[in-house]
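Below is the file run_15.cif, which contains mmCIF, C-alpha atoms.
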```
data_entry
#
loop_
_atom_site.label_atom_id
_atom_site.label_comp_id
_atom_site.auth_asym_id
_atom_site.auth_seq_id
_atom_site.Cartn_x
_atom_site.Cartn_y
_atom_site.Cartn_z
CA MET A 1 -68.02 49.50 -45.97
CA TRP A 2 -64.56 47.96 -46.24
CA ASP A 3 -62.13 49.08 -43.53
CA LEU A 4 -59.32 49.13 -46.06
CA ARG A 5 -56.42 50.14 -43.79
CA SER A 6 -57.11 47.14 -41.56
CA MET A 7 -56.72 44.69 -44.45
CA THR A 8 -53.79 42.56 -45.51
CA VAL A 9 -52.68 42.63 -49.14
CA GLU A 10 -54.40 39.28 -49.70
CA GLU A 11 -57.69 40.65 -48.38
CA LEU A 12 -57.36 43.75 -50.55
CA ARG A 13 -56.72 41.53 -53.58
CA SER A 14 -59.96 39.66 -52.86
CA CYS A 15 -61.93 42.92 -52.63
CA LEU A 16 -60.46 44.28 -55.83
CA GLN A 17 -61.19 41.04 -57.65
CA GLU A 18 -64.87 41.65 -56.81
CA LEU A 19 -64.48 44.94 -58.68
CA GLY A 20 -62.88 43.24 -61.68
CA GLN A 21 -59.44 44.75 -61.01
CA PRO A 22 -56.11 43.03 -61.80
CA ALA A 23 -54.18 41.50 -58.90
CA PHE A 24 -51.31 44.02 -59.00
CA ARG A 25 -53.68 46.82 -57.94
CA ALA A 26 -53.80 45.28 -54.46
CA GLY A 27 -50.08 45.91 -53.98
CA GLN A 28 -50.45 49.51 -55.11
CA LEU A 29 -53.38 50.09 -52.78
CA TYR A 30 -51.59 48.41 -49.86
CA ASP A 31 -48.59 50.67 -50.39
CA TRP A 32 -50.79 53.77 -50.14
CA LEU A 33 -52.64 52.49 -47.09
CA GLN A 34 -49.66 51.17 -45.14
CA ALA A 35 -46.27 52.52 -46.20
CA ARG A 36 -47.47 55.98 -47.27
CA GLY A 37 -50.36 56.39 -44.84
CA ALA A 38 -52.68 58.03 -47.37
CA GLU A 39 -55.50 60.04 -45.85
CA SER A 40 -57.63 60.34 -49.00
CA PHE A 41 -58.25 58.28 -52.12
CA ASP A 42 -57.36 61.27 -54.28
CA GLU A 43 -53.72 60.91 -53.16
CA MET A 44 -53.54 57.50 -54.84
CA THR A 45 -52.56 58.85 -58.24
CA ASN A 46 -51.33 55.57 -59.71
CA LEU A 47 -54.80 54.06 -59.33
CA PRO A 48 -57.33 54.72 -62.13
CA LYS A 49 -59.74 57.52 -61.30
CA ASN A 50 -62.78 55.29 -61.77
CA LEU A 51 -61.35 52.79 -59.25
CA ARG A 52 -60.75 55.59 -56.73
CA GLU A 53 -64.36 56.68 -57.12
CA ILE A 54 -65.60 53.14 -56.54
CA LEU A 55 -63.39 52.80 -53.44
CA LYS A 56 -64.90 55.99 -52.05
CA GLN A 57 -68.30 54.31 -52.24
CA ARG A 58 -67.31 50.80 -51.09
CA GLY A 59 -64.50 51.49 -48.67
CA GLU A 60 -63.42 53.93 -46.00
CA LEU A 61 -60.12 55.34 -44.82
CA ARG A 62 -59.93 55.34 -41.05
CA CYS A 63 -57.67 58.26 -40.12
CA ALA A 64 -56.39 60.04 -37.03
CA ALA A 65 -56.87 63.76 -37.62
CA ILE A 66 -54.77 66.06 -35.44
CA ALA A 67 -57.17 68.01 -33.23
CA GLN A 68 -54.40 69.46 -31.06
CA ARG A 69 -50.64 69.07 -30.72
CA TYR A 70 -48.62 70.15 -27.72
CA ASP A 71 -44.84 70.45 -27.97
CA SER A 72 -42.75 70.31 -24.83
CA GLN A 73 -40.37 73.19 -24.13
CA LEU A 74 -38.32 70.88 -21.89
CA ASP A 75 -37.50 68.11 -24.36
CA ASP A 76 -38.36 66.91 -27.85
CA THR A 77 -41.72 65.40 -26.89
CA SER A 78 -45.05 66.05 -28.61
CA LYS A 79 -48.49 65.04 -27.42
CA TYR A 80 -51.30 64.53 -29.92
CA LEU A 81 -55.03 64.64 -29.43
CA PHE A 82 -56.45 62.81 -32.45
CA ARG A 83 -60.03 62.98 -33.70
CA LEU A 84 -61.30 59.76 -35.26
CA ASN A 85 -63.80 59.39 -38.11
CA ASP A 86 -66.72 59.02 -35.69
CA GLY A 87 -65.76 62.09 -33.64
CA GLU A 88 -64.17 60.25 -30.72
CA TYR A 89 -60.83 61.48 -29.33
CA ILE A 90 -57.69 59.54 -28.45
CA GLU A 91 -54.15 60.48 -27.45
CA SER A 92 -50.63 59.57 -28.52
CA VAL A 93 -47.22 60.75 -27.38
CA LEU A 94 -44.19 61.08 -29.66
CA MET A 95 -40.80 60.94 -27.92
CA HIS A 96 -37.34 61.54 -29.37
CA TYR A 97 -34.44 59.50 -28.02
CA HIS A 98 -30.86 59.22 -29.24
CA HIS A 99 -31.80 56.00 -31.08
CA GLY A 100 -34.77 57.55 -32.90
CA TYR A 101 -38.45 58.31 -32.47
CA THR A 102 -40.81 56.30 -30.28
CA ILE A 103 -44.58 56.71 -30.29
CA CYS A 104 -46.91 55.66 -27.50
CA VAL A 105 -50.27 54.77 -29.07
CA SER A 106 -53.78 54.14 -27.75
CA THR A 107 -55.66 50.90 -28.34
CA GLN A 108 -59.09 51.88 -26.99
CA VAL A 109 -61.22 54.99 -26.63
CA GLY A 110 -61.11 55.16 -22.85
CA CYS A 111 -60.49 52.10 -20.69
CA LYS A 112 -62.49 49.57 -18.65
CA MET A 113 -59.77 48.72 -16.16
CA GLY A 114 -60.38 51.57 -13.69
CA CYS A 115 -56.87 51.94 -12.24
CA THR A 116 -57.20 54.70 -9.66
CA PHE A 117 -54.01 56.56 -10.61
CA CYS A 118 -54.88 56.74 -14.33
CA ALA A 119 -56.58 59.69 -16.02
CA THR A 120 -57.82 57.50 -18.88
CA GLY A 121 -59.78 55.25 -16.53
CA GLN A 122 -61.50 58.24 -14.96
CA GLY A 123 -63.01 59.06 -18.35
CA GLY A 124 -64.72 55.67 -18.74
CA PHE A 125 -64.76 53.32 -21.73
CA CYS A 126 -66.32 54.00 -25.15
CA ARG A 127 -65.07 51.38 -27.62
CA ASN A 128 -62.16 49.39 -29.00
CA LEU A 129 -59.97 50.86 -31.71
CA LEU A 130 -59.79 49.11 -35.05
CA PRO A 131 -56.37 48.02 -36.37
CA SER A 132 -56.54 50.89 -38.86
CA GLU A 133 -57.11 53.44 -36.08
CA ILE A 134 -54.11 52.22 -34.09
CA LEU A 135 -51.99 52.29 -37.22
CA ALA A 136 -53.25 55.75 -38.22
CA GLN A 137 -51.74 57.27 -35.07
CA VAL A 138 -48.26 56.20 -36.15
CA GLN A 139 -48.80 57.37 -39.71
CA ALA A 140 -50.27 60.74 -38.70
CA ALA A 141 -47.33 61.56 -36.42
CA GLN A 142 -44.80 60.52 -39.09
CA ARG A 143 -46.52 62.68 -41.68
CA ASP A 144 -46.88 65.64 -39.33
CA LYS A 145 -43.20 65.67 -38.31
CA ASN A 146 -41.79 64.31 -41.59
CA ILE A 147 -39.89 61.62 -39.69
CA ARG A 148 -39.63 57.85 -39.50
CA ILE A 149 -40.82 56.28 -36.26
CA SER A 150 -38.70 53.28 -35.30
CA ASN A 151 -40.28 52.16 -32.03
CA ILE A 152 -43.85 51.70 -30.83
CA VAL A 153 -45.21 51.40 -27.31
CA LEU A 154 -48.79 50.20 -26.85
CA MET A 155 -49.15 51.96 -23.55
CA GLY A 156 -51.51 54.85 -24.28
CA MET A 157 -55.23 54.92 -23.62
CA GLY A 158 -56.79 51.50 -23.09
CA GLU A 159 -55.75 47.96 -22.26
CA PRO A 160 -54.22 46.34 -25.38
CA LEU A 161 -55.02 42.77 -24.37
CA ASP A 162 -58.67 43.72 -23.84
CA ASN A 163 -58.73 44.51 -27.58
CA TYR A 164 -56.81 41.38 -28.43
CA SER A 165 -57.79 40.51 -32.01
CA ASN A 166 -57.54 44.08 -33.29
CA VAL A 167 -54.16 44.57 -31.62
CA MET A 168 -52.83 41.32 -33.10
CA ARG A 169 -53.97 42.46 -36.54
CA PHE A 170 -52.29 45.85 -36.00
CA LEU A 171 -49.01 44.13 -35.07
CA LYS A 172 -49.15 42.07 -38.26
CA LEU A 173 -49.74 45.16 -40.39
CA VAL A 174 -47.21 47.48 -38.76
CA SER A 175 -44.43 44.88 -38.96
CA SER A 176 -45.14 44.04 -42.60
CA GLU A 177 -42.08 44.51 -44.82
CA LYS A 178 -44.24 46.29 -47.39
CA GLY A 179 -45.82 48.49 -44.74
CA LEU A 180 -44.10 50.50 -42.02
CA ASN A 181 -41.74 47.55 -41.44
CA ILE A 182 -41.28 48.14 -37.70
CA GLY A 183 -39.87 44.91 -36.28
CA MET A 184 -41.40 43.19 -33.26
CA ARG A 185 -38.26 43.76 -31.19
CA HIS A 186 -38.98 47.48 -31.53
CA ILE A 187 -42.51 47.14 -30.14
CA SER A 188 -43.61 47.03 -26.50
CA LEU A 189 -47.07 45.96 -25.38
CA SER A 190 -48.30 46.90 -21.93
CA THR A 191 -50.97 45.10 -19.92
CA CYS A 192 -52.40 45.63 -16.46
CA GLY A 193 -52.40 41.85 -16.07
CA LEU A 194 -55.07 39.96 -18.03
CA VAL A 195 -53.64 36.55 -17.26
CA ASP A 196 -55.65 34.55 -19.80
CA ARG A 197 -54.57 36.89 -22.58
CA ILE A 198 -50.92 36.72 -21.50
CA TYR A 199 -51.10 32.98 -22.17
CA ASP A 200 -52.70 33.67 -25.56
CA LEU A 201 -49.94 36.14 -26.36
CA MET A 202 -47.33 33.61 -25.26
CA ASP A 203 -48.69 31.17 -27.83
CA GLU A 204 -48.30 33.81 -30.56
CA ASN A 205 -44.54 33.64 -29.80
CA LEU A 206 -43.95 37.22 -30.92
CA GLN A 207 -40.58 38.81 -30.23
CA LEU A 208 -42.06 42.00 -28.79
CA THR A 209 -41.43 43.24 -25.25
CA LEU A 210 -44.21 42.53 -22.78
CA SER A 211 -44.62 45.25 -20.14
CA VAL A 212 -46.72 44.32 -17.12
CA SER A 213 -48.20 47.07 -14.98
CA LEU A 214 -47.60 45.63 -11.53
CA HIS A 215 -47.51 48.72 -9.29
CA ALA A 216 -47.57 46.73 -6.03
CA PRO A 217 -45.77 43.80 -4.37
CA ASN A 218 -48.91 42.12 -3.01
CA ASP A 219 -52.66 41.74 -3.51
CA ARG A 220 -53.58 43.97 -0.57
CA ILE A 221 -51.97 47.07 -2.09
CA ARG A 222 -52.67 46.11 -5.69
CA THR A 223 -56.43 45.80 -5.18
CA GLN A 224 -56.50 49.32 -3.72
CA THR A 225 -55.26 50.82 -6.98
CA MET A 226 -56.04 48.24 -9.69
CA PRO A 227 -59.49 46.56 -9.84
CA VAL A 228 -58.09 43.87 -12.19
CA ALA A 229 -56.27 42.46 -9.15
CA ARG A 230 -59.61 41.24 -7.80
CA ARG A 231 -59.89 38.95 -10.84
CA TRP A 232 -56.28 37.87 -11.18
CA LYS A 233 -54.18 37.47 -8.03
CA ILE A 234 -50.54 38.51 -8.13
CA ASP A 235 -49.30 34.92 -7.83
CA GLU A 236 -51.38 33.91 -10.89
CA LEU A 237 -50.05 36.90 -12.80
CA LEU A 238 -46.41 36.24 -11.96
CA THR A 239 -46.77 32.54 -12.80
CA ALA A 240 -47.99 33.55 -16.25
CA CYS A 241 -45.10 36.01 -16.58
CA ARG A 242 -42.57 33.37 -15.60
CA LYS A 243 -43.93 30.94 -18.20
CA TYR A 244 -44.07 33.70 -20.81
CA GLY A 245 -40.40 34.48 -20.32
CA GLU A 246 -39.42 30.81 -20.43
CA GLN A 247 -41.30 30.13 -23.68
CA THR A 248 -40.44 33.30 -25.60
CA GLY A 249 -36.96 33.95 -24.20
CA ARG A 250 -37.96 37.61 -23.85
CA ARG A 251 -37.36 39.62 -20.69
CA ILE A 252 -40.49 41.12 -19.15
CA SER A 253 -40.58 44.75 -18.09
CA PHE A 254 -42.53 45.30 -14.88
CA GLU A 255 -43.95 48.81 -14.67
CA TYR A 256 -44.16 50.14 -11.12
CA ALA A 257 -45.73 53.55 -10.46
CA MET A 258 -44.14 54.89 -7.29
CA ILE A 259 -46.83 56.44 -5.05
CA GLN A 260 -45.70 58.23 -1.93
CA GLY A 261 -46.75 56.35 1.20
CA VAL A 262 -48.61 53.64 -0.71
CA ASN A 263 -46.17 51.27 -2.41
CA ASP A 264 -42.72 52.85 -2.11
CA SER A 265 -41.36 51.58 1.23
CA ASP A 266 -38.29 49.41 1.75
CA ALA A 267 -40.65 46.63 2.85
CA CYS A 268 -42.48 46.86 -0.48
CA ALA A 269 -39.18 46.70 -2.35
CA ARG A 270 -38.09 43.61 -0.42
CA GLU A 271 -41.39 41.85 -1.00
CA LEU A 272 -41.24 42.71 -4.69
CA GLY A 273 -37.66 41.46 -4.93
CA HIS A 274 -38.65 38.17 -3.32
CA ARG A 275 -41.62 37.69 -5.67
CA LEU A 276 -39.67 38.41 -8.85
CA LYS A 277 -36.80 36.02 -8.12
CA GLY A 278 -36.46 33.53 -10.95
CA ILE A 279 -38.30 35.65 -13.52
CA LEU A 280 -36.43 37.11 -16.50
CA ALA A 281 -37.35 40.65 -15.55
CA HIS A 282 -36.55 44.33 -15.43
CA VAL A 283 -38.37 46.79 -13.16
CA ASN A 284 -39.21 50.22 -14.50
CA LEU A 285 -39.95 52.65 -11.66
CA ILE A 286 -42.27 55.46 -12.69
CA PRO A 287 -42.90 58.56 -10.57
CA VAL A 288 -46.71 58.53 -10.48
CA ASN A 289 -48.52 61.20 -12.50
CA GLU A 290 -50.19 63.58 -10.09
CA VAL A 291 -53.55 63.45 -11.84
CA THR A 292 -56.32 65.71 -10.60
CA ASP A 293 -58.71 64.11 -8.04
CA THR A 294 -56.54 61.08 -7.20
CA GLY A 295 -54.71 62.63 -4.28
CA TYR A 296 -51.60 60.61 -5.11
CA LYS A 297 -48.16 62.16 -4.74
CA ARG A 298 -45.03 60.94 -6.48
CA SER A 299 -42.21 59.46 -4.44
CA SER A 300 -39.11 61.55 -3.82
CA ARG A 301 -35.94 61.01 -5.83
CA GLU A 302 -34.24 59.66 -2.71
CA ARG A 303 -37.02 57.11 -2.21
CA LEU A 304 -36.84 56.03 -5.86
CA GLU A 305 -33.09 55.50 -5.63
CA ARG A 306 -33.45 53.59 -2.37
CA PHE A 307 -36.05 51.30 -3.99
CA VAL A 308 -33.59 50.56 -6.81
CA ALA A 309 -30.88 49.75 -4.27
CA VAL A 310 -33.08 47.31 -2.34
CA LEU A 311 -34.08 45.47 -5.52
CA ALA A 312 -30.42 45.20 -6.45
CA GLU A 313 -29.93 43.13 -3.28
CA TYR A 314 -32.18 40.54 -4.93
CA HIS A 315 -30.19 40.78 -8.19
CA ILE A 316 -33.08 42.51 -9.92
CA THR A 317 -32.25 45.35 -12.28
CA ALA A 318 -34.41 48.43 -11.88
CA THR A 319 -34.27 51.84 -13.51
CA ILE A 320 -36.10 55.09 -12.93
CA ARG A 321 -38.04 56.26 -15.95
CA ARG A 322 -37.03 59.68 -17.19
CA THR A 323 -40.03 62.01 -17.18
CA LEU A 324 -40.66 63.42 -20.65
CA GLY A 325 -43.11 66.12 -21.64
CA ALA A 326 -43.82 67.10 -18.05
CA ASP A 327 -44.95 70.58 -19.13
CA ILE A 328 -47.56 69.21 -21.56
CA ASN A 329 -49.19 66.53 -19.37
CA ALA A 330 -47.71 63.80 -21.54
CA SER A 331 -49.44 60.97 -19.66
CA CYS A 332 -52.49 59.80 -21.60
CA GLY A 333 -56.09 60.55 -20.72
CA GLN A 334 -55.79 64.14 -19.59
CA LEU A 335 -56.27 65.83 -22.98
CA ARG A 336 -59.28 63.72 -23.88
CA ARG A 337 -60.85 64.42 -20.51
CA LYS A 338 -60.30 68.15 -20.97
CA LYS A 339 -61.78 68.03 -24.48
CA ILE A 340 -64.87 66.15 -23.30
CA ASP A 341 -65.37 68.69 -20.50
CA GLU A 342 -65.18 71.51 -23.04
CA VAL A 343 -67.80 69.86 -25.26
CA VAL A 344 -70.12 69.26 -22.30
CA GLN A 345 -69.82 72.89 -21.17
CA LYS A 346 -70.79 74.09 -24.66
#
```
Produce structure tokens that represent the structure in this file.
Amino acid sequence: MWDLRSMTVEELRSCLQELGQPAFRAGQLYDWLQARGAESFDEMTNLPKNLREILKQRGELRCAAIAQRYDSQLDDTSKYLFRLNDGEYIESVLMHYHHGYTICVSTQVGCKMGCTFCATGQGGFCRNLLPSEILAQVQAAQRDKNIRISNIVLMGMGEPLDNYSNVMRFLKLVSSEKGLNIGMRHISLSTCGLVDRIYDLMDENLQLTLSVSLHAPNDRIRTQTMPVARRWKIDELLTACRKYGEQTGRRISFEYAMIQGVNDSDACARELGHRLKGILAHVNLIPVNEVTDTGYKRSSRERLERFVAVLAEYHITATIRRTLGADINASCGQLRRKKIDEVVQK
């Protein structure tokens, strides 16, 4: 079966040539798959009916069907639980800012990385998402809300760089002028620190924003919360980040989940400030999500502000992330876990 939504227009043209179709049909099909986000072949009314019937037999449309949607009463945030063609569930979060709509998408069903503060990791890993399944999340939210999404964050369920080839294909498709046409500068990709893949991404020379989940100023604390730190030491990670910034000219965003009594002291801030000197960087402080069973508590507002002040002494800009969708558990992993529990109980 052809995974049609994951294909470029050139690949679609090759498939349609096998069916004896003229070349211009590829552009029509690509428009339905990418720009319009069609969820059935019957929508494609400018394609001949006999071609649509053949495509139903030879190809498939990977979609993200809305299983549940939660709308925040505190702000204009919506959380989606999507059901994929094979019955697996993933999550996305749609956020409304003054500059437009941003969607946080998943790249895997579950995650292998095992970060102790993350609900997704607690649910284990099932499989990688195909390019079409990452793309379908954006399209489904746009269609549901009748909006245009202008920014994408690959920071939902999964580790994007652990699904490298599919994510690179997704980026090519979503930035296509004849597709959703979302420019690379409006896309952020988050990684927990797969150093070898950061070098691969550097060689792609994409103008996206790389967000690195650091969450600690040293290996001792980082290995307590992030198993990946046992494979890649913090000095190796920051060396890769420094080189990435130098080659691409893009500032790196370091994500830092503030956990009360674990990584939020003045000493941690000073050590972090010392380590980040010389890197084109911004630090994004995130009050940790108080996920069931972790025992972690978020740092106080006063502690967050103090951390920002200490980093400023090292001429490092830091901001405190505004919490959105707090009343709907907008951090990823929790809805899928709840859904799985419900299925098991049945």
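The residue that comes closest to Asn50 of chain A, out of A:Ala38, A:Leu19, A:Leu171, A:Ile149 and on the basis of all atoms listed in the file, is A:Leu19.
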Self-check item: Spatial neighbours of Lys178 of chain A, 12 Å, all atoms listed in the file, chain gap at least 6 places, as a PyMOL selection string
Solution: chain A and resi 8-9+26-36+172
What lies within 9 Å of Ser188 of chain A using all atoms listed in the file, ignoring chain neighbours under 6 positions off, as a CSV table (one decimal) with C-alpha atoms, keeping the file's coordinate frame?
```csv
chain,number,residue,atom,x,y,z
A,151,ASN,CA,-40.3,52.2,-32.0
A,152,ILE,CA,-43.8,51.7,-30.8
A,153,VAL,CA,-45.2,51.4,-27.3
A,154,LEU,CA,-48.8,50.2,-26.8
A,155,MET,CA,-49.2,52.0,-23.6
A,208,LEU,CA,-42.1,42.0,-28.8
A,209,THR,CA,-41.4,43.2,-25.2
A,210,LEU,CA,-44.2,42.5,-22.8
A,211,SER,CA,-44.6,45.2,-20.1
```
Practice problem: Apply the PyMOL selection byres ((chain A and resi 217) around 9) to the displayed file and report the matching residues as a PyMOL selection string. | Solution: chain A and resi 214-216+218-222+234+263+268-273+275
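In terms of minimum interatomic distance to Ser165 of chain A, A:Leu201 ranks closest within A:Val212, A:Leu16, A:Cys104, A:Leu201, counting all atoms listed in the file.
Pairwise distance (atom CA of Ala318 of chain A, atom CA of Val262 of chain A) equals 18.8 Å.
Between Ser213 of chain A and the residues A:Cys118, A:Ile147, A:Met168, A:Cys126, the shortest atom-to-atom distance, using only C-alpha atoms, involves A:Cys118.
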Quiz item: For the file shown, what are the residues hit by the PyMOL selection byres ((chain A and resi 88-103) around 6), laid out as a list of chain:residue names?
Solution: A:Asp76, A:Thr77, A:Ser78, A:Lys79, A:Tyr80, A:Leu81, A:Phe82, A:Arg83, A:Leu84, A:Asp86, A:Gly87, A:Cys104, A:Val105, A:Ile149, A:Ser150, A:Asn151, A:Ile152
Please produce a file of those selected residues containing C-alpha atoms, as a compact mmCIF listing (two decimals), in the frame of the given file.
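Saved to again00.txt:
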```txt
# COMPACT_ATOMS: atom_id res chain seq x y z
CA ASP A 76 -38.36 66.91 -27.85
CA THR A 77 -41.72 65.40 -26.89
CA SER A 78 -45.05 66.05 -28.61
CA LYS A 79 -48.49 65.04 -27.42
CA TYR A 80 -51.30 64.53 -29.92
CA LEU A 81 -55.03 64.64 -29.43
CA PHE A 82 -56.45 62.81 -32.45
CA ARG A 83 -60.03 62.98 -33.70
CA LEU A 84 -61.30 59.76 -35.26
CA ASP A 86 -66.72 59.02 -35.69
CA GLY A 87 -65.76 62.09 -33.64
CA CYS A 104 -46.91 55.66 -27.50
CA VAL A 105 -50.27 54.77 -29.07
CA ILE A 149 -40.82 56.28 -36.26
CA SER A 150 -38.70 53.28 -35.30
CA ASN A 151 -40.28 52.16 -32.03
CA ILE A 152 -43.85 51.70 -30.83
```
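Residue nearest Leu130 of chain A, chosen from A:Val308, A:Leu55, A:Gln224, A:Asn163 and counting only C-alpha atoms: A:Asn163.
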Quiz item: Which residue gives the smallest distance to Met258 of chain A among A:Gln57, A:Ser14, A:Ser176, A:Asn284, with all atoms listed in the file counted?
Solution: A:Asn284
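Closest to Asn166 of chain A among A:Leu324, A:Ala140, A:Leu61, A:Leu135 is A:Leu135, based on all atoms listed in the file.
Here atom CA of Lys297 of chain A and atom CA of Glu236 of chain A stand 29.1 Å from one another.
Look at Cys115 of chain A: the protein and nucleic acid residues within 8 Å of it, using only C-alpha atoms and passing over chain neighbours fewer than 6 places away, are A:Gly121, A:Thr225, A:Met226, A:Pro227.
One finds atom CA of Lys277 of chain A at 12.8 Å from atom CA of Phe254 of chain A.
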If you take only C-alpha atoms and a cut-off of 7 Å, which residues of segment 27-83 of chain A touch segment 136-139 of chain A, and what are their nearest atom pairs and distances in Å to one decimal, in chain and number order, as a Markdown table?
```
| residue | atom | partner | partner_atom | distance |
| --- | --- | --- | --- | --- |
| A:Gly37 | CA | A:Gln139 | CA | 5.5 |
| A:Cys63 | CA | A:Ala136 | CA | 5.4 |
| A:Ala64 | CA | A:Ala136 | CA | 5.4 |
```
Exercise. Write out as a PyMOL selection string each polymer residue whose atoms come within 8 Å of Thr317 of chain A, counting all atoms listed in the file; drop sequence neighbours fewer than 4 positions from it.
Key: chain A and resi 281-283+308+311-312
Exercise. List the residues matched by the PyMOL selection byres ((chain A and resi 280) around 7) in the displayed structure as a PyMOL selection string, ordered by chain and then by residue number.
Key: chain A and resi 245+251-252+278-279+281
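Look at Tyr244 of chain A: the protein and nucleic acid residues within 10 Å of it, using all atoms listed in the file and passing over chain neighbours fewer than 2 places away, are Ile198, Tyr199, Asp200, Leu201, Met202, Asp203, Asn205, Leu210, Leu238, Thr239, Ala240, Cys241, Arg242, Glu246, Gln247, Thr248, Gly249, Arg250, Arg251, Ile252, Ile279 and Leu280 of chain A.
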Any chance you could model N, CA and C atoms for segment 246-265 of chain A and send them as a PDB file, in the coordinates of the input?
```pdb
ATOM      1  N   GLU A 246     -40.065  32.088 -20.114  1.00  0.00           N
ATOM      2  CA  GLU A 246     -39.420  30.810 -20.430  1.00  0.00           C
ATOM      3  C   GLU A 246     -39.710  30.387 -21.861  1.00  0.00           C
ATOM      4  N   GLN A 247     -40.940  30.586 -22.333  1.00  0.00           N
ATOM      5  CA  GLN A 247     -41.300  30.130 -23.680  1.00  0.00           C
ATOM      6  C   GLN A 247     -40.771  31.043 -24.770  1.00  0.00           C
ATOM      7  N   THR A 248     -40.827  32.352 -24.541  1.00  0.00           N
ATOM      8  CA  THR A 248     -40.440  33.300 -25.600  1.00  0.00           C
ATOM      9  C   THR A 248     -38.973  33.696 -25.531  1.00  0.00           C
ATOM     10  N   GLY A 249     -38.342  33.515 -24.364  1.00  0.00           N
ATOM     11  CA  GLY A 249     -36.960  33.950 -24.200  1.00  0.00           C
ATOM     12  C   GLY A 249     -36.839  35.470 -24.080  1.00  0.00           C
ATOM     13  N   ARG A 250     -37.957  36.142 -23.917  1.00  0.00           N
ATOM     14  CA  ARG A 250     -37.960  37.610 -23.850  1.00  0.00           C
ATOM     15  C   ARG A 250     -38.096  38.069 -22.393  1.00  0.00           C
ATOM     16  N   ARG A 251     -37.294  39.055 -22.030  1.00  0.00           N
ATOM     17  CA  ARG A 251     -37.360  39.620 -20.690  1.00  0.00           C
ATOM     18  C   ARG A 251     -38.613  40.474 -20.535  1.00  0.00           C
ATOM     19  N   ILE A 252     -39.289  40.337 -19.418  1.00  0.00           N
ATOM     20  CA  ILE A 252     -40.490  41.120 -19.150  1.00  0.00           C
ATOM     21  C   ILE A 252     -40.117  42.385 -18.402  1.00  0.00           C
ATOM     22  N   SER A 253     -40.754  43.483 -18.796  1.00  0.00           N
ATOM     23  CA  SER A 253     -40.580  44.750 -18.090  1.00  0.00           C
ATOM     24  C   SER A 253     -41.753  44.943 -17.146  1.00  0.00           C
ATOM     25  N   PHE A 254     -41.481  45.049 -15.859  1.00  0.00           N
ATOM     26  CA  PHE A 254     -42.530  45.300 -14.880  1.00  0.00           C
ATOM     27  C   PHE A 254     -42.600  46.796 -14.595  1.00  0.00           C
ATOM     28  N   GLU A 255     -43.745  47.384 -14.910  1.00  0.00           N
ATOM     29  CA  GLU A 255     -43.950  48.810 -14.670  1.00  0.00           C
ATOM     30  C   GLU A 255     -44.431  48.992 -13.229  1.00  0.00           C
ATOM     31  N   TYR A 256     -43.840  49.957 -12.530  1.00  0.00           N
ATOM     32  CA  TYR A 256     -44.160  50.140 -11.120  1.00  0.00           C
ATOM     33  C   TYR A 256     -44.261  51.636 -10.832  1.00  0.00           C
ATOM     34  N   ALA A 257     -45.509  52.138 -10.753  1.00  0.00           N
ATOM     35  CA  ALA A 257     -45.730  53.550 -10.460  1.00  0.00           C
ATOM     36  C   ALA A 257     -45.497  53.800  -8.980  1.00  0.00           C
ATOM     37  N   MET A 258     -44.528  54.632  -8.676  1.00  0.00           N
ATOM     38  CA  MET A 258     -44.140  54.890  -7.290  1.00  0.00           C
ATOM     39  C   MET A 258     -45.044  55.972  -6.697  1.00  0.00           C
ATOM     40  N   ILE A 259     -45.861  55.554  -5.707  1.00  0.00           N
ATOM     41  CA  ILE A 259     -46.830  56.440  -5.050  1.00  0.00           C
ATOM     42  C   ILE A 259     -46.407  56.644  -3.604  1.00  0.00           C
ATOM     43  N   GLN A 260     -46.200  57.894  -3.268  1.00  0.00           N
ATOM     44  CA  GLN A 260     -45.700  58.230  -1.930  1.00  0.00           C
ATOM     45  C   GLN A 260     -46.613  57.667  -0.839  1.00  0.00           C
ATOM     46  N   GLY A 261     -46.010  56.872   0.068  1.00  0.00           N
ATOM     47  CA  GLY A 261     -46.750  56.350   1.200  1.00  0.00           C
ATOM     48  C   GLY A 261     -47.679  55.194   0.903  1.00  0.00           C
ATOM     49  N   VAL A 262     -47.711  54.742  -0.337  1.00  0.00           N
ATOM     50  CA  VAL A 262     -48.610  53.640  -0.710  1.00  0.00           C
ATOM     51  C   VAL A 262     -47.842  52.372  -1.034  1.00  0.00           C
ATOM     52  N   ASN A 263     -46.854  52.472  -1.941  1.00  0.00           N
ATOM     53  CA  ASN A 263     -46.170  51.270  -2.410  1.00  0.00           C
ATOM     54  C   ASN A 263     -44.660  51.459  -2.542  1.00  0.00           C
ATOM     55  N   ASP A 264     -44.111  52.477  -1.861  1.00  0.00           N
ATOM     56  CA  ASP A 264     -42.720  52.850  -2.110  1.00  0.00           C
ATOM     57  C   ASP A 264     -41.777  52.613  -0.930  1.00  0.00           C
ATOM     58  N   SER A 265     -42.193  51.821   0.045  1.00  0.00           N
ATOM     59  CA  SER A 265     -41.360  51.580   1.230  1.00  0.00           C
ATOM     60  C   SER A 265     -40.286  50.540   0.958  1.00  0.00           C
TER      61      SER A 265
END
```
